[in-house]
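To start, the structure under review is shown below, and the notes come after it.
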Amino acid sequence: MSNTGITNWTRSDDEMVEHALRRGASRRDLLRMFMAGGISLAAGGLVLGRADAARAATPVKGGHLIAASWSSSTADTLDPAKASQATDYVRCCALYNRLTFLNGAGEVQMELADSIETSDAKVWTVKLKKGVTFHDGKSLSADDVVFSLNRHLDESVGSKVNSLAKQMTEIRALDPSTVQITLAAPNADLPTILALHHFMIVAEGTTDFSKGNGTGAFALESFEPGVKSLMKRHENYFKPGGAHVDSFEYFAIPDDTARVNALLSGDIHLAASIKPQAMRLIESAGNIDVVQNTAGNYTNFNMRLDLSPGDRAGFAEGMKYLFDRELITKSIARGRAVIANDQPVSPSNRYHNAELKPREFDPERAKSLFEKAGLLGQEIPIVASDAATSSIEMATMLQQAGSKIGMKFDIQRVPSDGYWSKYWLAAPVHFGNINPRPTPDILFSLLYTSDAPWNESQFKSEKFDKLVHEARGELDEARRKEIYDECQVIVSNEAATAIPVWLSDMEAKSKKLQGLETNPLGGQMGYAMAEYVWLES
């Protein structure tokens with residue numbers, strides 16, 4: 001405090017001021033006290049600033065948290081294995097726990113696991129925390145972990161991470177608190193993989209997920225798929241202190257303007273995934289903060305290679321040249337984006353291939369490719385929706401660029417409700433929106449290998465599959481980087497997915513909502529915000 005002009009000020013004085021503020025003393029009361037004690041008005045203001053900052057950083061118990069996502073449908077689920085979009089992830093993160101989780105710096109930390117150890121990256125020993133109970137009172141055991149992980153290997157379950165889980169050739173309980181996981185080949189990323197939202201641990205034998213019975217910070221009160229969910233704090237939560245808020249309400253408001261207005265009117269505390277066009281309105285409101293996450297979210301343009309027109313040689317490549325990436329960055333994203341090179345590993349990842357340059361905007365080259373494909377002049381339907389961030393704006397930009405070279409695009413705008421279950425992965429030409437993933441192996445295994453569950457363009461390459469498998473077990477970092485560089489080149493050139501920019505995920509929140517941080521797993525604090533945020537009175 002020497003730069004404030006106050007002498008003999010101690011930490012106990014800081015605590016005295018903070019305590020007085022918490023008891024209800026006004027700033028004016030404290031300034032009078034400072035002046036009576038010979039402290040100047042300016043110095044007293046600095047002290048109060050420090051006290052206010054300390055108070056804001058201290059979690060407060062209580063309150064009802066209300067947050068709104070942008071997409072939901074009647075296919076919403078509380079089964080972690082089947083979760084496929086942000087709304088599912090947020091609910092699952094509140095109700096369940098993983099063996100590990102990633103903090104804001106992308107570092108692996110233990111959650112249900114007390115330790116995860118290996119000597120060869122192939123056989124892993126997981127020691128579980130003691131004293132963990134499910135919402136129904138059942139104690140966590142190794143059998144629950146074995147059951148939960150094995151579910152992903154059961155084809156009838158329909159797990160979204162089946163291709164990742166197939167690495168696990170044996171999962172067995174060594175004793176009630178120890179699990180051994182054996183992989184088909186070494187993979188040093190296993191602790192990171194286990195931090196994915198799908199690998200939540202459920203109780204052994206669970207077949208009915210409508211109750212959301214997990215070990216998480218919240219217990220389910222009600223859940224209406226496509227409508228909303230209500231949860232209350234789990235009082236026997238194993239983490240010290242538990243959740244800060246008493247209860248949590250979550251639902252979707254698909255219309256961006258309506259979602260922003262709900263925040264501005266005080267009906268919700270957080271509005272997820274806000275378009276850049278709404279930033280000026282939000283920033284003019286004095287009671288709203290904006291949180292920006294640049295972990296690698298992107299909206300992509302998918303052309304199925306097994307359906308027309310994607311099965312025509314040259315069509316996918318031509319479309320990639322028709323994206324004006326600079327204009328998308330400046331106009332659609334309002335500067336809150338980074339130009340991408342048609343592959344999913346973002347610049348925030350240490351394995352990003354910076355030597356792979358983005359395609360230039362080249363309508364004439366695109367026209368030549370469309371002519372060779374026999375498609376010039378034909379009308380091509382493009383499915384877009386507000387569910388895929390900025391996809392309608394990107395589709396309109398493609399339509400305008402196409403009209404100048406004789407290419408006709410019919411934009412089929414469909415509702416957000418049901419988009420991910422009815423159109424994504426199914427329509428011949430459509431948009432997707434991919435949340436950040438922490439490793440190239442996860443991205444490639446979920447989206448690009450021949451058995452990937454979300455293979456958006458039905459891209460198949462035996463060479464690519466072998467490279468991904470090789471990199472997974474490669475412990476030499478230089479060689480691993482080399483392999484991932486080659487994988488990114490293959491995806492950029494051969495897969496029929498155009499990724500024009502990496503978007504900054506923008507969230508707007510009430511100033512009452514504190515503790516929200518960025519996370520490499522995506523927005524809303526890696527979708528785990530409910531457990532960590534609090535509401536100032």
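By order of appearance in the structure tokens: chains A, B, ..., then residues from 1 within every chain, and ligands from 1 in the order shown.
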request  = Would you kindly return, as a count of residues only, each protein, DNA or RNA residue with an atom no farther than 12 Å from any atom of Glu221 of chain A, considering only C-alpha atoms and excluding same-chain residues fewer than 6 positions away?
outcome  = 17
ask   = Could you pull the residues within 7 Å of Ala94 of chain A, counting only C-alpha atoms, minus those fewer than 3 positions along the same chain, as a PyMOL selection string?
value = chain A and resi 90-91+216-218+528+530-531
Same residues, N, CA, C and O atoms, saved as a PDB file, in the first residue's frame:
```
ATOM      1  N   VAL A  90     -23.820 -29.012 -20.784  1.00  0.00           N
ATOM      2  CA  VAL A  90     -23.997 -28.214 -19.567  1.00  0.00           C
ATOM      3  C   VAL A  90     -24.765 -29.013 -18.518  1.00  0.00           C
ATOM      4  O   VAL A  90     -24.397 -29.029 -17.341  1.00  0.00           O
ATOM      5  N   ARG A  91     -25.827 -29.664 -18.919  1.00  0.00           N
ATOM      6  CA  ARG A  91     -26.619 -30.453 -17.974  1.00  0.00           C
ATOM      7  C   ARG A  91     -25.798 -31.600 -17.400  1.00  0.00           C
ATOM      8  O   ARG A  91     -25.820 -31.862 -16.194  1.00  0.00           O
ATOM      9  N   GLY A 216     -22.497 -35.506  -9.311  1.00  0.00           N
ATOM     10  CA  GLY A 216     -22.197 -34.108  -9.562  1.00  0.00           C
ATOM     11  C   GLY A 216     -22.678 -33.125  -8.518  1.00  0.00           C
ATOM     12  O   GLY A 216     -23.365 -33.483  -7.550  1.00  0.00           O
ATOM     13  N   ALA A 217     -22.350 -31.861  -8.751  1.00  0.00           N
ATOM     14  CA  ALA A 217     -22.630 -30.794  -7.793  1.00  0.00           C
ATOM     15  C   ALA A 217     -24.111 -30.493  -7.667  1.00  0.00           C
ATOM     16  O   ALA A 217     -24.541 -29.841  -6.709  1.00  0.00           O
ATOM     17  N   PHE A 218     -24.918 -30.961  -8.641  1.00  0.00           N
ATOM     18  CA  PHE A 218     -26.349 -30.704  -8.615  1.00  0.00           C
ATOM     19  C   PHE A 218     -27.132 -32.001  -8.794  1.00  0.00           C
ATOM     20  O   PHE A 218     -26.698 -32.914  -9.500  1.00  0.00           O
ATOM     21  N   ALA A 528     -19.054 -26.389 -17.732  1.00  0.00           N
ATOM     22  CA  ALA A 528     -19.131 -26.802 -16.327  1.00  0.00           C
ATOM     23  C   ALA A 528     -19.393 -25.622 -15.393  1.00  0.00           C
ATOM     24  O   ALA A 528     -19.175 -25.709 -14.192  1.00  0.00           O
ATOM     25  N   ALA A 530     -21.927 -24.177 -13.950  1.00  0.00           N
ATOM     26  CA  ALA A 530     -22.894 -24.202 -12.846  1.00  0.00           C
ATOM     27  C   ALA A 530     -22.231 -24.506 -11.509  1.00  0.00           C
ATOM     28  O   ALA A 530     -22.620 -23.979 -10.472  1.00  0.00           O
ATOM     29  N   GLU A 531     -21.219 -25.361 -11.533  1.00  0.00           N
ATOM     30  CA  GLU A 531     -20.549 -25.752 -10.295  1.00  0.00           C
ATOM     31  C   GLU A 531     -19.663 -24.649  -9.726  1.00  0.00           C
ATOM     32  O   GLU A 531     -19.478 -24.572  -8.505  1.00  0.00           O
TER      33      GLU A 531
END
```
ask   = Which neighbours of Ile116 of chain A fall inside 12 Å, counting only C-alpha atoms, when residues of the same chain fewer than 4 positions from it are skipped, and could you give them as a PyMOL selection string?
value = chain A and resi 99-100+108-112+121+123-129+178-181+188-192+194
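When only C-alpha atoms are used to compute distances to Tyr237 of chain A, the closest of the residues A:Trp424, A:Tyr321, A:Phe199, A:Phe134 turns out to be A:Phe134.
Counting from atom CA of Val290 of chain A, the distance to atom CA of Asn435 of chain A is 18.8 Å.
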inquiry  = Please identify the alpha helix (DSSP H) residues within segment 89-167 of chain A (assignment by DSSP from backbone atoms) and present them as a ChimeraX atom specification.
reply    = /A:89-95,142-151,162-165
Write the selection just made, keeping C-alpha atoms, as a PDB file, in the first residue's frame?
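As written to disk, selection_35.pdb reads:
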```pdb
ATOM      1  CA  TYR A  89     -22.954 -30.909 -22.042  1.00  0.00           C
ATOM      2  CA  VAL A  90     -23.997 -28.214 -19.567  1.00  0.00           C
ATOM      3  CA  ARG A  91     -26.619 -30.453 -17.974  1.00  0.00           C
ATOM      4  CA  CYS A  92     -24.292 -33.447 -17.806  1.00  0.00           C
ATOM      5  CA  CYS A  93     -21.481 -31.387 -16.277  1.00  0.00           C
ATOM      6  CA  ALA A  94     -23.838 -30.260 -13.518  1.00  0.00           C
ATOM      7  CA  LEU A  95     -25.179 -33.761 -12.738  1.00  0.00           C
ATOM      8  CA  ALA A 142     -14.633 -49.233  -9.308  1.00  0.00           C
ATOM      9  CA  ASP A 143     -17.589 -51.201 -10.710  1.00  0.00           C
ATOM     10  CA  ASP A 144     -19.310 -47.925 -11.615  1.00  0.00           C
ATOM     11  CA  VAL A 145     -16.260 -46.783 -13.572  1.00  0.00           C
ATOM     12  CA  VAL A 146     -15.929 -50.126 -15.374  1.00  0.00           C
ATOM     13  CA  PHE A 147     -19.624 -50.040 -16.298  1.00  0.00           C
ATOM     14  CA  SER A 148     -19.488 -46.420 -17.461  1.00  0.00           C
ATOM     15  CA  LEU A 149     -16.444 -46.881 -19.688  1.00  0.00           C
ATOM     16  CA  ASN A 150     -17.650 -50.184 -21.123  1.00  0.00           C
ATOM     17  CA  ARG A 151     -20.921 -48.570 -22.194  1.00  0.00           C
ATOM     18  CA  ASN A 162     -17.231 -45.032 -29.382  1.00  0.00           C
ATOM     19  CA  SER A 163     -14.304 -44.519 -31.742  1.00  0.00           C
ATOM     20  CA  LEU A 164     -12.201 -43.064 -28.907  1.00  0.00           C
ATOM     21  CA  ALA A 165     -13.257 -45.720 -26.413  1.00  0.00           C
TER      22      ALA A 165
END
```
inquiry  = Taking only segment 365-490 of chain A into account, list the residues labelled strand (DSSP E) by DSSP (computed from the backbone), as a list in words.
reply    = Glu379, Ile380, Pro381, Ile382, Val383, Ala384, Lys408, Phe409, Asp410, Ile411, Gln412, Arg413, Val429, His430, Phe431, Gly432, Asn433 and Ile434 of chain A
Would you save the residues from that selection as a short mmCIF file (atom, residue, chain, number, x, y, z; two decimals), in the first residue's frame, using N, CA and C atoms?
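Saved to result.cif:
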```
data_model
loop_
_atom_site.label_atom_id
_atom_site.label_comp_id
_atom_site.auth_asym_id
_atom_site.auth_seq_id
_atom_site.Cartn_x
_atom_site.Cartn_y
_atom_site.Cartn_z
N GLU A 379 -28.77 -25.60 -59.61
CA GLU A 379 -29.15 -25.05 -58.30
C GLU A 379 -28.77 -26.03 -57.21
N ILE A 380 -27.96 -25.59 -56.27
CA ILE A 380 -27.46 -26.44 -55.19
C ILE A 380 -28.10 -26.00 -53.87
N PRO A 381 -28.86 -26.88 -53.21
CA PRO A 381 -29.44 -26.52 -51.91
C PRO A 381 -28.37 -26.49 -50.82
N ILE A 382 -28.43 -25.48 -49.96
CA ILE A 382 -27.55 -25.37 -48.80
C ILE A 382 -28.43 -25.23 -47.56
N VAL A 383 -28.29 -26.17 -46.63
CA VAL A 383 -29.08 -26.12 -45.40
C VAL A 383 -28.31 -25.33 -44.35
N ALA A 384 -28.96 -24.31 -43.79
CA ALA A 384 -28.34 -23.47 -42.76
C ALA A 384 -29.35 -23.20 -41.66
N LYS A 408 -25.66 -21.24 -58.75
CA LYS A 408 -26.89 -20.94 -58.01
C LYS A 408 -26.95 -21.76 -56.72
N PHE A 409 -27.12 -21.04 -55.62
CA PHE A 409 -27.27 -21.71 -54.32
C PHE A 409 -28.62 -21.35 -53.71
N ASP A 410 -29.37 -22.37 -53.34
CA ASP A 410 -30.67 -22.20 -52.71
C ASP A 410 -30.50 -22.38 -51.20
N ILE A 411 -30.57 -21.30 -50.45
CA ILE A 411 -30.40 -21.38 -49.00
C ILE A 411 -31.69 -21.88 -48.36
N GLN A 412 -31.62 -23.02 -47.74
CA GLN A 412 -32.77 -23.60 -47.05
C GLN A 412 -32.59 -23.38 -45.55
N ARG A 413 -33.20 -22.32 -45.06
CA ARG A 413 -33.06 -21.96 -43.65
C ARG A 413 -34.04 -22.79 -42.82
N VAL A 429 -25.56 -31.00 -48.29
CA VAL A 429 -24.73 -29.81 -48.11
C VAL A 429 -25.31 -29.02 -46.94
N HIS A 430 -24.54 -28.86 -45.90
CA HIS A 430 -25.06 -28.22 -44.68
C HIS A 430 -23.92 -27.67 -43.84
N PHE A 431 -24.27 -26.95 -42.79
CA PHE A 431 -23.28 -26.40 -41.87
C PHE A 431 -23.26 -27.18 -40.56
N GLY A 432 -22.08 -27.19 -39.93
CA GLY A 432 -21.94 -27.73 -38.59
C GLY A 432 -21.35 -26.66 -37.69
N ASN A 433 -21.30 -26.94 -36.42
CA ASN A 433 -20.63 -26.05 -35.47
C ASN A 433 -19.95 -26.93 -34.44
N ILE A 434 -18.63 -26.89 -34.40
CA ILE A 434 -17.87 -27.82 -33.58
C ILE A 434 -17.27 -27.10 -32.38
#
```
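Among the candidates A:Asn103, A:Ser403, A:Thr497, A:Thr207, the residue lying nearest to Ala81 of chain A is A:Thr207 (atoms considered: only C-alpha atoms).
In this structure, atom CA of Ile171 of chain A sits 24.1 Å away from atom CA of Asp465 of chain A.
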message = With only C-alpha atoms as the counted atoms, please give the residues lying no more than 8 Å from Tyr448 of chain A, apart from itself and same-chain residues fewer than 6 positions off, as an MDAnalysis selection string.
response = chainID A and resid 454:456 458:460 491 495
Within 12 Å of Ala471 of chain A using only C-alpha atoms, minus same-chain residues under 5 positions, as number ranges by chain = A: 185-189, 351, 439-442, 444-445, 464-466, 476-487
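Using only C-alpha atoms, the shortest contact distance between Asp417 of chain A and any of A:Gly226, A:Gly214, A:Gly158, A:Pro59 is found at A:Gly226.
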task = Please identify all polymer residues within 8 Å of Ala340 of chain A, counting only C-alpha atoms, omitting same-chain residues fewer than 4 positions from it, and present them as a list in words.
result = Arg325, Ser346, Pro358, Ile499, Pro500, Val501 and Trp502 of chain A
Save out the residues we just selected, C-alpha atoms, as an mmCIF file, in the first residue's frame.
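Result file follows (again_12.cif):
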```cif
data_model
loop_
_atom_site.group_PDB
_atom_site.id
_atom_site.type_symbol
_atom_site.label_atom_id
_atom_site.label_comp_id
_atom_site.auth_asym_id
_atom_site.auth_seq_id
_atom_site.Cartn_x
_atom_site.Cartn_y
_atom_site.Cartn_z
ATOM 1 C CA ARG A 325 -12.310 -15.608 -45.357
ATOM 2 C CA SER A 346 -6.651 -24.300 -34.151
ATOM 3 C CA PRO A 358 -5.529 -20.815 -45.958
ATOM 4 C CA ILE A 499 -13.480 -24.426 -42.192
ATOM 5 C CA PRO A 500 -13.083 -20.752 -43.124
ATOM 6 C CA VAL A 501 -12.431 -19.215 -39.684
ATOM 7 C CA TRP A 502 -12.035 -20.085 -36.014
#
```
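The closest residue to Gln488 of chain A, picked from A:Thr74, A:Asn341, A:Thr169, A:Ser156 and counting only C-alpha atoms, is A:Asn341.
The two atoms in question, atom CA of Glu536 of chain A and atom CA of Ala272 of chain A, are spaced 19.6 Å apart.
Between Thr257 of chain A and the candidates A:Trp70, A:Gly106, A:Phe361, A:Arg98, the tightest atom-to-atom separation, counting only C-alpha atoms, involves A:Trp70.
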